[in-house]
Each structure stands twice: as C-alpha cells, then as structure tokens.
>>> print(open('structure_32.cif').read())   # mmCIF, C-alpha atoms
data_model
#
loop_
_atom_site.group_PDB
_atom_site.id
_atom_site.type_symbol
_atom_site.label_atom_id
_atom_site.label_comp_id
_atom_site.auth_asym_id
_atom_site.auth_seq_id
_atom_site.Cartn_x
_atom_site.Cartn_y
_atom_site.Cartn_z
ATOM 1 C CA LEU R 1 1.872 -18.163 4.971
ATOM 2 C CA VAL R 2 2.147 -14.568 6.147
ATOM 3 C CA ILE R 3 5.358 -13.667 8.016
ATOM 4 C CA ALA R 4 6.139 -10.091 9.023
ATOM 5 C CA ASN R 5 9.296 -8.351 10.234
ATOM 6 C CA PRO R 6 8.289 -5.701 12.813
ATOM 7 C CA ASN R 7 11.889 -4.701 13.505
ATOM 8 C CA ASP R 8 14.091 -1.756 12.527
ATOM 9 C CA GLU R 9 16.572 -4.100 10.845
ATOM 10 C CA ALA R 10 16.381 -6.811 8.207
ATOM 11 C CA ILE R 11 15.937 -10.473 9.170
ATOM 12 C CA THR R 12 16.612 -13.723 7.324
ATOM 13 C CA LEU R 13 14.081 -16.553 7.308
ATOM 14 C CA THR R 14 14.767 -20.225 6.669
ATOM 15 C CA LEU R 15 11.548 -22.144 6.065
ATOM 16 C CA THR R 16 11.373 -25.944 6.098
ATOM 17 C CA LEU R 17 8.298 -27.992 5.192
ATOM 18 C CA PHE R 18 8.083 -31.309 7.046
ATOM 19 C CA GLY R 19 5.874 -34.308 6.304
ATOM 20 C CA PRO R 20 3.926 -36.258 8.963
ATOM 21 C CA ILE R 21 6.837 -38.479 10.000
ATOM 22 C CA GLY R 22 9.310 -35.617 10.300
ATOM 23 C CA GLN R 23 10.938 -35.874 6.877
ATOM 24 C CA PRO R 24 11.559 -32.686 4.860
ATOM 25 C CA PHE R 25 8.893 -32.484 2.149
ATOM 26 C CA ALA R 26 10.860 -30.048 -0.003
ATOM 27 C CA GLN R 27 14.123 -28.139 -0.061
ATOM 28 C CA PRO R 28 14.351 -25.416 2.632
ATOM 29 C CA VAL R 29 13.723 -21.876 1.415
ATOM 30 C CA SER R 30 15.626 -18.790 2.619
ATOM 31 C CA GLN R 31 14.376 -15.258 2.265
ATOM 32 C CA THR R 32 15.451 -11.880 3.649
ATOM 33 C CA LEU R 33 12.773 -9.493 4.889
ATOM 34 C CA PRO R 34 13.635 -5.795 5.121
ATOM 35 C CA SER R 35 12.572 -3.722 8.108
ATOM 36 C CA ARG R 36 8.730 -3.729 8.290
ATOM 37 C CA GLY R 37 8.663 -6.136 5.346
ATOM 38 C CA ARG R 38 6.598 -9.280 4.998
ATOM 39 C CA LEU R 39 6.333 -12.570 3.141
ATOM 40 C CA PHE R 40 2.905 -13.588 1.802
ATOM 41 C CA GLN R 41 2.903 -16.756 -0.328
ATOM 42 C CA SER R 42 1.155 -20.091 -0.669
ATOM 43 C CA LEU R 43 3.065 -23.238 0.297
ATOM 44 C CA GLY R 44 2.907 -24.470 -3.282
ATOM 45 C CA THR R 45 4.537 -21.305 -4.612
ATOM 46 C CA LEU R 46 7.008 -20.948 -1.768
ATOM 47 C CA PHE R 47 8.327 -24.523 -1.966
ATOM 48 C CA GLU R 48 7.663 -25.018 -5.699
ATOM 49 C CA ILE R 49 5.497 -28.098 -5.232
ATOM 50 C CA SER R 50 2.262 -29.118 -6.957
ATOM 51 C CA SER R 51 1.408 -32.403 -5.205
ATOM 52 C CA PRO R 52 -1.248 -32.347 -2.443
ATOM 53 C CA ILE R 53 -0.120 -31.876 1.168
ATOM 54 C CA ALA R 54 -2.418 -33.692 3.594
ATOM 55 C CA ASP R 55 -0.360 -33.324 6.781
ATOM 56 C CA GLY R 56 2.888 -31.945 8.174
ATOM 57 C CA PHE R 57 4.064 -28.543 9.365
ATOM 58 C CA VAL R 58 6.339 -25.620 8.482
ATOM 59 C CA ARG R 59 9.254 -24.597 10.713
ATOM 60 C CA VAL R 60 10.587 -21.057 10.416
ATOM 61 C CA ASP R 61 14.061 -20.254 11.750
ATOM 62 C CA VAL R 62 14.821 -16.546 12.060
ATOM 63 C CA GLU R 63 18.244 -14.908 11.960
ATOM 64 C CA GLY R 64 17.771 -11.574 13.687
ATOM 65 C CA PRO R 65 15.529 -10.146 16.433
ATOM 66 C CA GLY R 66 12.460 -12.200 15.468
ATOM 67 C CA ALA R 67 9.295 -12.289 13.375
ATOM 68 C CA VAL R 68 5.553 -12.840 13.659
ATOM 69 C CA GLY R 69 3.559 -15.196 11.489
ATOM 70 C CA PHE R 70 0.165 -16.500 10.469
ATOM 71 C CA ALA R 71 -1.125 -19.409 8.367
ATOM 72 C CA LEU R 72 -4.300 -19.036 6.290
ATOM 73 C CA ILE R 73 -5.941 -22.343 5.351
ATOM 74 C CA GLU R 74 -8.686 -22.937 2.792
ATOM 75 C CA VAL R 75 -10.851 -26.028 3.315
ATOM 76 C CA GLN R 76 -13.535 -26.402 0.617
ATOM 77 C CA ASP R 77 -15.884 -23.427 1.127
ATOM 78 C CA THR R 78 -14.312 -21.963 4.266
ATOM 79 C CA LEU R 79 -11.176 -20.239 5.508
ATOM 80 C CA LEU R 80 -9.475 -20.594 8.878
ATOM 81 C CA GLY R 81 -6.214 -19.376 10.334
ATOM 82 C CA PHE R 82 -3.580 -20.026 12.974
ATOM 83 C CA ASN R 83 -1.010 -17.719 14.500
ATOM 84 C CA ALA R 84 2.519 -19.111 14.552
ATOM 85 C CA SER R 85 3.361 -21.258 17.561
ATOM 86 C CA PHE R 86 6.439 -20.306 19.564
ATOM 87 C CA GLY R 87 6.803 -23.806 21.032
ATOM 88 C CA ASN R 88 5.818 -25.354 24.339
ATOM 89 C CA GLU R 89 8.086 -25.614 27.364
ATOM 90 C CA GLY R 90 5.470 -27.596 29.308
ATOM 91 C CA ASN R 91 4.237 -31.137 28.859
ATOM 92 C CA VAL R 92 0.418 -30.816 29.111
ATOM 93 C CA LEU R 93 -1.955 -29.331 26.508
ATOM 94 C CA TYR R 94 -5.712 -28.768 26.660
ATOM 95 C CA SER R 95 -8.733 -28.043 24.518
ATOM 96 C CA ALA R 96 -12.092 -26.814 25.830
ATOM 97 C CA GLN R 97 -13.534 -27.888 22.459
ATOM 98 C CA MET R 98 -14.496 -31.429 21.520
ATOM 99 C CA ALA R 99 -17.688 -32.010 19.561
ATOM 100 C CA SER R 100 -18.563 -34.725 17.085
ATOM 101 C CA GLY R 101 -21.883 -35.857 15.600
ATOM 102 C CA GLY R 102 -25.363 -34.426 15.943
ATOM 103 C CA VAL R 103 -28.736 -34.381 14.241
ATOM 104 C CA MET R 104 -29.504 -33.505 10.631
ATOM 105 C CA GLY R 105 -28.545 -29.902 9.896
ATOM 106 C CA ASN R 106 -26.689 -29.449 13.185
ATOM 107 C CA ARG R 107 -23.736 -31.792 12.865
ATOM 108 C CA VAL R 108 -20.191 -30.898 13.807
ATOM 109 C CA PHE R 109 -16.745 -32.454 13.544
ATOM 110 C CA THR R 110 -13.560 -31.852 15.537
ATOM 111 C CA SER R 111 -10.108 -32.856 14.331
ATOM 112 C CA LEU R 112 -7.139 -33.016 16.725
ATOM 113 C CA LYS R 113 -3.519 -32.627 15.668
ATOM 114 C CA VAL R 114 -0.351 -32.931 17.760
ATOM 115 C CA VAL R 115 3.200 -32.184 16.577
ATOM 116 C CA ASN R 116 6.485 -33.104 18.259
ATOM 117 C CA THR R 117 8.788 -30.137 17.603
ATOM 118 C CA SER R 118 11.543 -31.421 19.903
ATOM 119 C CA ASP R 119 14.684 -33.283 18.839
ATOM 120 C CA ASP R 120 13.706 -36.367 20.848
ATOM 121 C CA PRO R 121 10.796 -38.829 20.696
ATOM 122 C CA ARG R 122 7.895 -38.054 23.035
ATOM 123 C CA VAL R 123 5.505 -40.507 24.678
ATOM 124 C CA VAL R 124 2.016 -39.020 24.452
ATOM 125 C CA THR R 125 -1.329 -39.850 26.092
ATOM 126 C CA ILE R 126 -4.597 -38.245 24.957
ATOM 127 C CA THR R 127 -7.701 -38.277 27.179
ATOM 128 C CA ALA R 128 -11.209 -37.048 26.380
ATOM 129 C CA TYR R 129 -13.718 -36.003 29.056
ATOM 130 C CA LEU R 130 -17.451 -35.515 28.672
ATOM 131 C CA ASP R 131 -19.096 -32.251 29.721
ATOM 132 C CA ASP R 132 -19.876 -33.630 33.203
ATOM 133 C CA GLY R 133 -16.209 -34.461 33.795
ATOM 134 C CA SER R 134 -16.465 -38.226 33.373
ATOM 135 C CA PRO R 135 -13.769 -39.832 31.184
ATOM 136 C CA LEU R 136 -14.898 -40.692 27.669
ATOM 137 C CA ASN R 137 -11.824 -42.529 26.398
ATOM 138 C CA THR R 138 -8.032 -42.531 26.594
ATOM 139 C CA VAL R 139 -5.623 -43.043 23.719
ATOM 140 C CA PHE R 140 -2.968 -44.906 25.643
ATOM 141 C CA PRO R 141 0.684 -43.892 25.415
ATOM 142 C CA PHE R 142 2.078 -43.813 21.914
ATOM 143 C CA THR R 143 5.455 -42.593 20.722
ATOM 144 C CA LEU R 144 5.614 -39.473 18.578
ATOM 145 C CA GLY R 145 8.980 -39.275 16.862
ATOM 146 C CA SER R 146 10.977 -36.079 16.497
ATOM 147 C CA GLY R 147 9.233 -33.885 13.924
ATOM 148 C CA SER R 148 6.312 -36.294 13.649
ATOM 149 C CA THR R 149 2.611 -35.441 13.726
ATOM 150 C CA ARG R 150 -0.640 -37.222 14.506
ATOM 151 C CA GLN R 151 -3.877 -35.855 13.065
ATOM 152 C CA GLN R 152 -7.232 -37.579 13.495
ATOM 153 C CA PRO R 153 -10.962 -36.794 13.806
ATOM 154 C CA VAL R 154 -12.047 -37.159 17.433
ATOM 155 C CA GLY R 155 -14.921 -39.453 16.443
ATOM 156 C CA GLU R 156 -12.332 -41.887 15.113
ATOM 157 C CA LEU R 157 -9.762 -41.170 17.823
ATOM 158 C CA PHE R 158 -12.122 -41.736 20.761
ATOM 159 C CA GLY R 159 -14.514 -44.228 19.173
ATOM 160 C CA THR R 160 -17.689 -42.125 19.032
ATOM 161 C CA GLY R 161 -18.288 -42.757 15.335
ATOM 162 C CA SER R 162 -18.702 -40.676 12.219
ATOM 163 C CA PRO R 163 -19.711 -37.038 12.796
ATOM 164 C CA ILE R 164 -22.239 -37.423 9.968
ATOM 165 C CA SER R 165 -24.089 -40.471 11.345
ATOM 166 C CA SER R 166 -23.483 -40.553 15.131
ATOM 167 C CA ASN R 167 -25.141 -38.822 18.076
ATOM 168 C CA LEU R 168 -23.551 -35.623 19.350
ATOM 169 C CA THR R 169 -20.675 -36.078 21.809
ATOM 170 C CA THR R 170 -19.195 -32.996 23.494
ATOM 171 C CA GLY R 171 -16.464 -32.404 26.047
ATOM 172 C CA SER R 172 -12.805 -31.499 26.387
ATOM 173 C CA ILE R 173 -9.366 -32.936 25.625
ATOM 174 C CA ARG R 174 -6.139 -33.287 27.605
ATOM 175 C CA VAL R 175 -2.788 -34.218 26.025
ATOM 176 C CA ASP R 176 0.096 -35.391 28.266
ATOM 177 C CA ALA R 177 3.668 -35.793 26.995
ATOM 178 C CA ASP R 178 6.798 -37.038 28.779
ATOM 179 C CA GLY R 179 8.718 -33.889 27.870
ATOM 180 C CA SER R 180 8.518 -30.446 26.303
ATOM 181 C CA GLY R 181 8.116 -29.502 22.647
ATOM 182 C CA VAL R 182 4.704 -30.997 21.815
ATOM 183 C CA ILE R 183 2.233 -28.528 20.298
ATOM 184 C CA GLY R 184 -1.147 -29.043 18.688
ATOM 185 C CA ASP R 185 -4.476 -27.669 17.549
ATOM 186 C CA VAL R 186 -8.132 -28.475 17.006
ATOM 187 C CA ILE R 187 -10.204 -27.704 13.912
ATOM 188 C CA PHE R 188 -13.980 -27.865 14.261
ATOM 189 C CA GLY R 189 -16.997 -27.119 12.124
ATOM 190 C CA ASP R 190 -19.387 -28.578 9.552
ATOM 191 C CA PRO R 191 -18.528 -32.199 8.606
ATOM 192 C CA GLY R 192 -20.155 -31.978 5.172
ATOM 193 C CA ASP R 193 -23.469 -33.177 3.786
ATOM 194 C CA PRO R 194 -23.593 -36.691 2.310
ATOM 195 C CA ASP R 195 -26.719 -35.707 0.335
ATOM 196 C CA THR R 196 -24.561 -33.498 -1.904
ATOM 197 C CA GLY R 197 -22.474 -36.452 -3.007
ATOM 198 C CA ILE R 198 -19.410 -34.675 -1.590
ATOM 199 C CA PRO R 199 -19.176 -35.999 2.013
ATOM 200 C CA ASN R 200 -16.028 -33.998 2.764
ATOM 201 C CA GLU R 201 -17.445 -30.626 1.679
ATOM 202 C CA VAL R 202 -16.998 -28.191 4.580
ATOM 203 C CA ASP R 203 -19.132 -25.034 4.672
ATOM 204 C CA PHE R 204 -17.688 -23.525 7.865
ATOM 205 C CA ALA R 205 -14.835 -24.310 10.233
ATOM 206 C CA ALA R 206 -12.596 -22.682 12.819
ATOM 207 C CA GLY R 207 -9.346 -23.609 14.510
ATOM 208 C CA LEU R 208 -7.498 -22.988 17.744
ATOM 209 C CA PRO R 209 -4.110 -24.044 19.116
ATOM 210 C CA LEU R 210 -4.179 -26.381 22.084
ATOM 211 C CA GLN R 211 -3.891 -24.308 25.255
ATOM 212 C CA THR R 212 -0.561 -24.727 27.052
ATOM 213 C CA THR R 213 -1.058 -22.103 29.790
ATOM 214 C CA LEU R 214 -3.994 -22.157 32.202
ATOM 215 C CA PHE R 215 -5.500 -18.882 33.364
ATOM 216 C CA GLU R 216 -7.212 -17.417 36.405
ATOM 217 C CA LYS R 217 -8.158 -14.248 34.505
ATOM 218 C CA ALA R 218 -8.522 -13.829 30.761
ATOM 219 C CA ILE R 219 -10.141 -11.543 28.196
ATOM 220 C CA PHE R 220 -11.960 -12.589 25.032
ATOM 221 C CA SER R 221 -11.943 -9.611 22.710
ATOM 222 C CA GLN R 222 -15.091 -10.176 20.642
ATOM 223 C CA VAL R 223 -18.850 -10.017 21.325
ATOM 224 C CA ALA R 224 -21.343 -10.104 18.452
ATOM 225 C CA ASN R 225 -24.956 -10.911 19.355
ATOM 226 C CA GLY R 226 -27.787 -9.871 17.058
ATOM 227 C CA ALA R 227 -28.116 -8.484 13.556
ATOM 228 C CA THR R 228 -26.266 -5.480 12.161
ATOM 229 C CA ASN R 229 -28.804 -5.417 9.320
ATOM 230 C CA PRO R 230 -32.285 -6.794 10.221
ATOM 231 C CA GLU R 231 -33.069 -7.293 6.526
ATOM 232 C CA ASP R 232 -30.052 -9.561 5.982
ATOM 233 C CA ALA R 233 -30.195 -12.872 7.899
ATOM 234 C CA SER R 234 -26.473 -13.465 7.342
ATOM 235 C CA THR R 235 -25.668 -10.541 9.654
ATOM 236 C CA ASP R 236 -27.518 -12.137 12.611
ATOM 237 C CA THR R 237 -24.645 -13.285 14.811
ATOM 238 C CA PHE R 238 -24.011 -15.262 17.993
ATOM 239 C CA THR R 239 -21.121 -15.483 20.466
ATOM 240 C CA GLY R 240 -20.386 -18.469 22.679
ATOM 241 C CA ILE R 241 -17.878 -19.482 25.316
ATOM 242 C CA ALA R 242 -16.443 -22.827 26.440
ATOM 243 C CA LEU R 243 -14.706 -23.247 29.818
ATOM 244 C CA TYR R 244 -13.034 -26.396 31.152
ATOM 245 C CA ASN R 245 -11.741 -27.079 34.665
ATOM 246 C CA PRO R 246 -8.826 -29.588 34.523
ATOM 247 C CA ASN R 247 -8.215 -29.460 38.294
ATOM 248 C CA SER R 248 -8.971 -32.079 40.955
ATOM 249 C CA SER R 249 -11.138 -29.569 42.865
ATOM 250 C CA SER R 250 -13.989 -27.248 41.880
ATOM 251 C CA ALA R 251 -13.431 -23.850 40.270
ATOM 252 C CA GLN R 252 -15.687 -20.869 40.965
ATOM 253 C CA ILE R 253 -15.910 -18.758 37.821
ATOM 254 C CA THR R 254 -17.282 -15.287 37.081
ATOM 255 C CA VAL R 255 -18.035 -14.245 33.502
ATOM 256 C CA ARG R 256 -18.583 -10.545 32.777
ATOM 257 C CA VAL R 257 -19.539 -8.918 29.480
ATOM 258 C CA PHE R 258 -18.714 -5.274 28.704
ATOM 259 C CA ASP R 259 -19.875 -3.097 25.823
ATOM 260 C CA ARG R 260 -17.536 -1.124 23.543
ATOM 261 C CA GLU R 261 -17.539 1.822 25.988
ATOM 262 C CA GLY R 262 -16.401 -0.455 28.826
ATOM 263 C CA MET R 263 -19.758 -0.497 30.638
ATOM 264 C CA LEU R 264 -20.774 -3.739 32.359
ATOM 265 C CA VAL R 265 -23.703 -5.339 30.489
ATOM 266 C CA GLY R 266 -24.021 -8.696 32.262
ATOM 267 C CA GLU R 267 -22.438 -10.937 34.878
ATOM 268 C CA LYS R 268 -22.803 -14.653 35.645
ATOM 269 C CA SER R 269 -21.260 -16.944 38.281
ATOM 270 C CA LEU R 270 -20.527 -20.592 37.476
ATOM 271 C CA SER R 271 -19.086 -23.583 39.318
ATOM 272 C CA LEU R 272 -17.206 -26.344 37.488
ATOM 273 C CA SER R 273 -16.177 -29.545 39.264
ATOM 274 C CA GLU R 274 -13.169 -31.727 38.383
ATOM 275 C CA ASN R 275 -12.781 -32.051 34.568
ATOM 276 C CA GLU R 276 -16.228 -30.494 34.031
ATOM 277 C CA ARG R 277 -16.885 -28.272 31.024
ATOM 278 C CA THR R 278 -19.538 -25.763 30.067
ATOM 279 C CA SER R 279 -20.249 -24.433 26.579
ATOM 280 C CA GLN R 280 -22.998 -21.844 26.179
ATOM 281 C CA LEU R 281 -24.083 -18.947 24.049
ATOM 282 C CA ILE R 282 -23.409 -15.641 25.793
ATOM 283 C CA GLU R 283 -26.995 -14.472 25.225
ATOM 284 C CA ASP R 284 -28.289 -17.663 26.911
ATOM 285 C CA LEU R 285 -25.870 -17.168 29.780
ATOM 286 C CA MET R 286 -26.811 -13.483 30.081
ATOM 287 C CA PRO R 287 -30.035 -12.556 28.223
ATOM 288 C CA GLU R 288 -29.254 -8.849 28.645
ATOM 289 C CA THR R 289 -26.455 -9.259 26.044
ATOM 290 C CA ALA R 290 -28.836 -10.491 23.313
ATOM 291 C CA ASP R 291 -28.430 -7.441 21.044
ATOM 292 C CA LEU R 292 -24.876 -6.459 21.948
ATOM 293 C CA ILE R 293 -22.630 -5.800 18.944
ATOM 294 C CA GLY R 294 -19.088 -4.924 20.024
ATOM 295 C CA GLY R 295 -17.517 -5.412 23.422
ATOM 296 C CA HIS R 296 -15.462 -7.989 25.275
ATOM 297 C CA ILE R 297 -15.700 -10.807 27.828
ATOM 298 C CA VAL R 298 -13.715 -11.104 31.073
ATOM 299 C CA VAL R 299 -13.441 -14.484 32.816
ATOM 300 C CA GLU R 300 -12.065 -14.875 36.347
ATOM 301 C CA SER R 301 -11.625 -18.182 38.171
ATOM 302 C CA THR R 302 -10.509 -19.369 41.599
ATOM 303 C CA ARG R 303 -8.559 -22.171 39.871
ATOM 304 C CA PRO R 304 -6.474 -22.153 36.689
ATOM 305 C CA ILE R 305 -8.761 -23.166 33.815
ATOM 306 C CA VAL R 306 -8.961 -23.612 30.036
ATOM 307 C CA GLY R 307 -11.205 -21.511 27.820
ATOM 308 C CA GLN R 308 -12.112 -20.340 24.371
ATOM 309 C CA ALA R 309 -14.818 -18.234 22.767
ATOM 310 C CA PHE R 310 -16.355 -18.405 19.307
ATOM 311 C CA PHE R 311 -18.693 -16.412 17.119
ATOM 312 C CA GLY R 312 -20.536 -16.977 13.868
ATOM 313 C CA ASN R 313 -23.746 -16.163 12.083
ATOM 314 C CA ASN R 314 -27.056 -17.935 12.585
ATOM 315 C CA THR R 315 -27.182 -19.086 8.969
ATOM 316 C CA LEU R 316 -23.905 -20.933 9.673
ATOM 317 C CA GLN R 317 -21.995 -19.350 6.829
ATOM 318 C CA PHE R 318 -18.963 -18.681 9.001
ATOM 319 C CA LEU R 319 -17.483 -19.576 12.375
ATOM 320 C CA SER R 320 -14.496 -18.012 14.110
ATOM 321 C CA ALA R 321 -12.677 -19.114 17.258
ATOM 322 C CA ILE R 322 -11.287 -16.660 19.834
ATOM 323 C CA PRO R 323 -8.307 -17.651 22.019
ATOM 324 C CA PRO R 324 -7.987 -16.203 25.528
ATOM 325 C CA ILE R 325 -5.804 -13.164 26.178
ATOM 326 C CA ILE R 326 -4.350 -14.323 29.477
ATOM 327 C CA VAL R 327 -4.060 -11.639 32.154
ATOM 328 C CA GLU R 328 -3.041 -13.927 35.013
#
>>> encode(input="structure_32.cif", output="structure tokens")
Amino acid sequence: LVIANPNDEAITLTLTLFGPIGQPFAQPVSQTLPSRGRLFQSLGTLFEISSPIADGFVRVDVEGPGAVGFALIEVQDTLLGFNASFGNEGNVLYSAQMASGGVMGNRVFTSLKVVNTSDDPRVVTITAYLDDGSPLNTVFPFTLGSGSTRQQPVGELFGTGSPISSNLTTGSIRVDADGSGVIGDVIFGDPGDPDTGIPNEVDFAAGLPLQTTLFEKAIFSQVANGATNPEDASTDTFTGIALYNPNSSSAQITVRVFDREGMLVGEKSLSLSENERTSQLIEDLMPETADLIGGHIVVESTRPIVGQAFFGNNTLQFLSAIPPIIVE
C-alpha cells in the first residue's frame, strides 16, 4: 500500500484488513503521517501476518483533511495497481471489459470482484452482455453482506468455461445493487500456460475499478503505437479502446486522437446501439496513428457511456489499463 498526505498538517490513518465475509483479518493499525509524508508498506509487514491472503479488502479511515492512496499488486510475473476507491453513492456499476478464452497463444482471462462497503446487506444482480448487445447471462440476485466480497473469473461466473480451454467470449458487465456502497473491479490478462505445468502462472495483467459514473466526454491520457527502438521488439507498443453503451437508445460517438503538441492526428465516428460494445486498437480505428508515440484520446458521445483504454507491447510482456478522465 502507498498512502500519501498532501496536506500542510499531519493526519492519522487507521487501517483495517477485512476478509471476504467482512471479518477483520488482523488487528487495525494506526499511523500518523506528517505533512507531505507517506506510508509505503506491504500488507504482510503492515499487519504483521505471514499467512496467504486470497481475498478481502483494506479500509483506511483518515483523521484530518484527507489522503490519497494506491495499491500495488504482484501476481506471478506481473504487477498491477489500483487507486484507492472513495466509495460509491450510486447503485449501478459497469465494465467495458469482459474477455475470457481464446486460441493458443492469445488467451485471456477476466476476474470480477464486488465489495459491499456499506453497513447494510445489499442485493446484487450481475449481467453480462456480448459485443452486439445481446445478453450473455445474468447472475440472479444474491445478498452481499456488509463488508463482504465476491470475486470470481467471468468464465465461471457466466458459464463460458475455462479461459485456457474455451472459445473467446467478449463483452461488457453491468452490476445492479439495491443501495449505495457497492464498489468493484476487473482484472484481466494472460490466464497462464498449462504446458508449463503451472496453470496459474500469469505473464501480464491489468486492472480497473468498475465505472460508477457515465460520461459524455472523457480523455484517455496515453497513446503509444509503434516502436521507440526498432531493434528491440519489446518496445513495439499498441493502444486500444473499449466503449460500451448501457442505454436503451443508440449513442453516436466521436473518437479523436491528438499528438503531444495537441495537434489532431485522427478522428473516427461510431454508433453503438443498446448495450453494444466496441473494442479496437487505435491504429486499426485510425491508421494514421500507427506510429504515434505520446498524445491523448478524446471521446465524445450523445449518450452517457462507459469506456476504458489500454496499452501494452506486442510481445505481450506488459499490459496497462487506462481509466477515463471524465470531463462531462
């Protein structure tokens, strides 16, 4: 965990580690951070535990004007991170990312997690839609107790099978709760290679919080298409974008890509019908961006939508997810 105090005065943190059914996993820890100070420690060191932690969450209560935080997670051969969640006053959450399965060498997994941070039980329904907007499956209402979590691979959750042995299924996810306080995330990436004898070995993965606010205009702050060093294949990068329309009517969408000087490089208009999703590489969407290193993406829509971007290298040694910076 990395927690920083950006204020002119000291703050006091109280950190509590909860297990998957809402029970404290260890004794709470209190720590004072001076002005501009930070905490940077592993969970094992912070809570003085050595046993494995397979699920749960950390709650940070702050006495003072506030803090910012980040969690860095190591999964086999990859790293991923999440900014701290500040809660959810709404009752619907979305993901423009759902992918499970594929062919040899191009398989992917997605794992969904939801957490009830409220003091009351929440009744939750999870629905998956295919790219064309047709429903894939619904996990009918289940009760998530106060402080409880549910974490499951989407292949298991929606019945599409193992990501290692099944055909590729892609689409989007909607989570409905009967009250506020439910948050969540998706982790996606390489499901591991059974030929290595280590089926759970993950070479690359990325994560994003479930989106709680729809946008009509958003910025994605990263574009990396092409190689920074033609002699090194690992520097050959790609950038993609996924957009999902959760509305009952069509959304007309414009995607624009700008270089690092703010000059327009490419523009593309799209139309997404009810619950339809698109996921494309930026250089396929706009071939003129094929060698663009540095820049940003602006997405505007006639209806509030869900979106995310991602970038990695073509040798699939890393993958990073980019949340939207919502303008309106």
>>> residues_around(input="structure_32.cif", residues="stretch 52-64 of chain R", least_positions_apart="6", cutoff="9 Å", atoms="only C-alpha atoms", output="list in words")
Glu9, Ala10, Ile11, Thr12, Leu13, Thr14, Leu15, Thr16, Leu17, Phe18, Gly19, Pro20, Ile21, Gly22, Phe25, Gly44, Val115, Thr117, Gly147, Ser148, Thr149, Arg150 and Gln151 of chain R
>>> closest_residue(input="structure_32.cif", among="R:Leu319, R:Leu243, R:Leu144, R:Val29", to="R:Ile305", atoms="only C-alpha atoms")
R:Leu243
>>> residues_near_point(input="structure_32.cif", point="(-20.1, -2.6, 25.1)", cutoff="7 Å", atoms="only C-alpha atoms", output="MDAnalysis selection string")
chainID R and resid 258:263 292 294:295
>>> resolve_selection(input="structure_32.cif", expression="the PyMOL selection byres ((chain R and resi 160-177) around 8)", output="number ranges by chain")
R: 91-103, 107-109, 122-131, 154-156, 158-159, 178-180, 182, 191-194, 244, 277
>>> atom_distance(input="structure_32.cif", atom1="atom CA of R:Gln23", atom2="atom CA of R:Lys113")
17.2 Å
>>> atom_distance(input="structure_32.cif", atom1="atom CA of R:Val202", atom2="atom CA of R:Gly312")
15.0 Å
>>> closest_residue(input="structure_32.cif", among="R:Ser35, R:Thr78, R:Asn313, R:Gln211", to="R:Phe188", atoms="only C-alpha atoms")
R:Thr78
>>> residues_around(input="structure_32.cif", residues="R:Asp119", least_positions_apart="4", cutoff="10 Å", atoms="only C-alpha atoms", output="PyMOL selection string")
chain R and resi 145-147+181
>>> resolve_selection(input="structure_32.cif", expression="the PyMOL selection byres ((chain R and resi 184) around 6)", output="list of chain:residue names")
R:Lys113, R:Val114, R:Val115, R:Ile183, R:Asp185, R:Pro209, R:Leu210
>>> write_last_selection(input="structure_32.cif", atoms="C-alpha atoms", output="PDB file, in the coordinates of the input")
ATOM      1  CA  LYS R 113      -3.519 -32.627  15.668  1.00  0.00           C
ATOM      2  CA  VAL R 114      -0.351 -32.931  17.760  1.00  0.00           C
ATOM      3  CA  VAL R 115       3.200 -32.184  16.577  1.00  0.00           C
ATOM      4  CA  ILE R 183       2.233 -28.528  20.298  1.00  0.00           C
ATOM      5  CA  ASP R 185      -4.476 -27.669  17.549  1.00  0.00           C
ATOM      6  CA  PRO R 209      -4.110 -24.044  19.116  1.00  0.00           C
ATOM      7  CA  LEU R 210      -4.179 -26.381  22.084  1.00  0.00           C
TER       8      LEU R 210
END
>>> closest_residue(input="structure_32.cif", among="R:Gly69, R:Pro153, R:Gly240, R:Gly207", to="R:Val2", atoms="only C-alpha atoms")
R:Gly69
>>> axis_aligned_box(input="structure_32.cif", around="stretch 202-216 of chain R", padding_each_side="8 Å", output="lines of an AutoDock Vina configuration file")
center_x = -9.8
center_y = -22.8
center_z = 20.5
size_x = 34.6
size_y = 26.8
size_z = 47.8
